[in-house]
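Everything below concerns the one structure shown next.
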Amino acid sequence: MKRIISIMLTFIIAFAMFMPATVSAAETVNIKLQPVASPVYIDRDSTGTYYLNYDVVVENATNVYMLIFRLQYDKSKLEYVTTKALNDKLFTVGSYLSKMFTYPEGTATNSVLLASKPSNPLDSNTASTVARVTFKLLDKSAEEVSVLLFGSFAKDKTNTTVAAVSNGGESQTAVTQLTGSQSGAKTVRANIESGTSVLVGTVLEAYPVTEPADAAAKGEVISWSSSNKNIAKVSPAGIITTFNVGPATITLKFRDELGAEFTHSFVLNVTAPEPTSLKISGPALSSLAKGKTLQLNAIVTPERALEDPNATLVWTSSNPAVAQVDPVTGLVTAKTAGTVIITCTLTTPTKTLKATTAVKVTN
């Protein structure tokens, strides 16, 4: 075991100096880096962080005991996360931020070492995906990112040198076009602003509005719900029906195509309509014998205007000594002979309406 570790360390040192051995065409190994493209190569976690995944693909790997590759990338756009071996013959020995290389300003490099057991080398004449590299996407507005791969391999478990890939040690670049690929939603809200007021009896449609806009069509609504179904009820399709006056909180739950879930709520204020007219039932002049009663009724148009919690309807008499009227119910009681004017006053926060009728009291 100590010998294996010693060999690996020797290979790392050799790779760091990048002094490839001479190999024949028959010993050529190709190491490629390509974006994971199925179903999408951008993942996003519950915090809204985006990750890009790249596969390391090896061709013509005959009796390969070790793969070493260096990844170079723009550190303002990407942050290296991890490399995971996918081939059952290889395991990830380690990854470290490369300090010994000289690379362009603004970039960073990570070196990764994959190794097999000495008795079980990587042996495949066809292309094989051996590892997956994950980066965190730091710049969500980037239209393109690229990762350069410098690769080498060891075909002799006892050798202390490594050989360059078939391109002679030059970099192989994997370019990821991000335009349109970050189709996950950044923000999700409903099309109805919180605090919106609608008249009681109104039916309206709610739907998700996303940024970017096309994320709405690519995602799905998980559910719509209402905090008070007696005031407003919402269907699974987002159709809101209002029944009574008052506030109701409507909640949207949405899942984008990357699987991230969003919750957005807004308050819908259901209000009563403004009254347009006020009348008192019965004739313009009513006769009433002393000691008798007469029930007057207010006719409000529209009728649901009275559902405004701030609306008041008050009855008054021009001469209570002749005829009294209950200020709430409109019940008139004749007291003594004479004529009075009964007034009904409807007051809302924005309007006052009055209606009158005459009552003649006889002995």
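Chain labels A, B, ... are given in the sequence in which chains occur in the structure tokens; within each chain residues are numbered consecutively from 1, and ligands are likewise numbered from 1 in the order shown.
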
- Task: Could you give me, as a ChimeraX atom specification, the residues within 6 Å of range 71-80 of chain A, counting only C-alpha atoms and dropping anything in the same chain fewer than 2 positions from it?
- Result: /A:107-110,135-139,147-149

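Proximity ranking of A:Val200, A:Thr362, A:Leu33, A:Phe266 relative to Asp308 in chain A places A:Val200 first, based on only C-alpha atoms.
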
- Name the residues of range 265-360 of chain A that come out as strand (DSSP E or B) in a backbone DSSP run; write them as number ranges by chain. A: 265-271, 277-280, 285-289, 293-295, 298-301, 312-317, 323-325, 331-334, 338-347, 352-360

Would you mind listing what lies within 8 Å of Phe254 in chain A as a short mmCIF file (atom, residue, chain, number, x, y, z; two decimals) with C-alpha atoms, in the first residue's frame, with only C-alpha atoms counted and same-chain residues fewer than 6 positions away left out?
```cif
data_model
loop_
_atom_site.label_atom_id
_atom_site.label_comp_id
_atom_site.auth_asym_id
_atom_site.auth_seq_id
_atom_site.Cartn_x
_atom_site.Cartn_y
_atom_site.Cartn_z
CA VAL A 188 -42.00 33.68 -9.44
CA PRO A 208 -47.62 32.70 -12.56
CA GLY A 219 -42.58 24.87 -15.27
CA GLU A 220 -45.83 23.83 -13.61
CA VAL A 221 -48.26 25.11 -11.01
CA ILE A 222 -48.30 22.80 -8.01
CA SER A 223 -51.33 24.39 -6.38
CA GLU A 261 -40.14 25.15 -5.91
CA PHE A 262 -41.43 28.67 -5.25
CA THR A 263 -44.22 30.00 -3.04
#
```
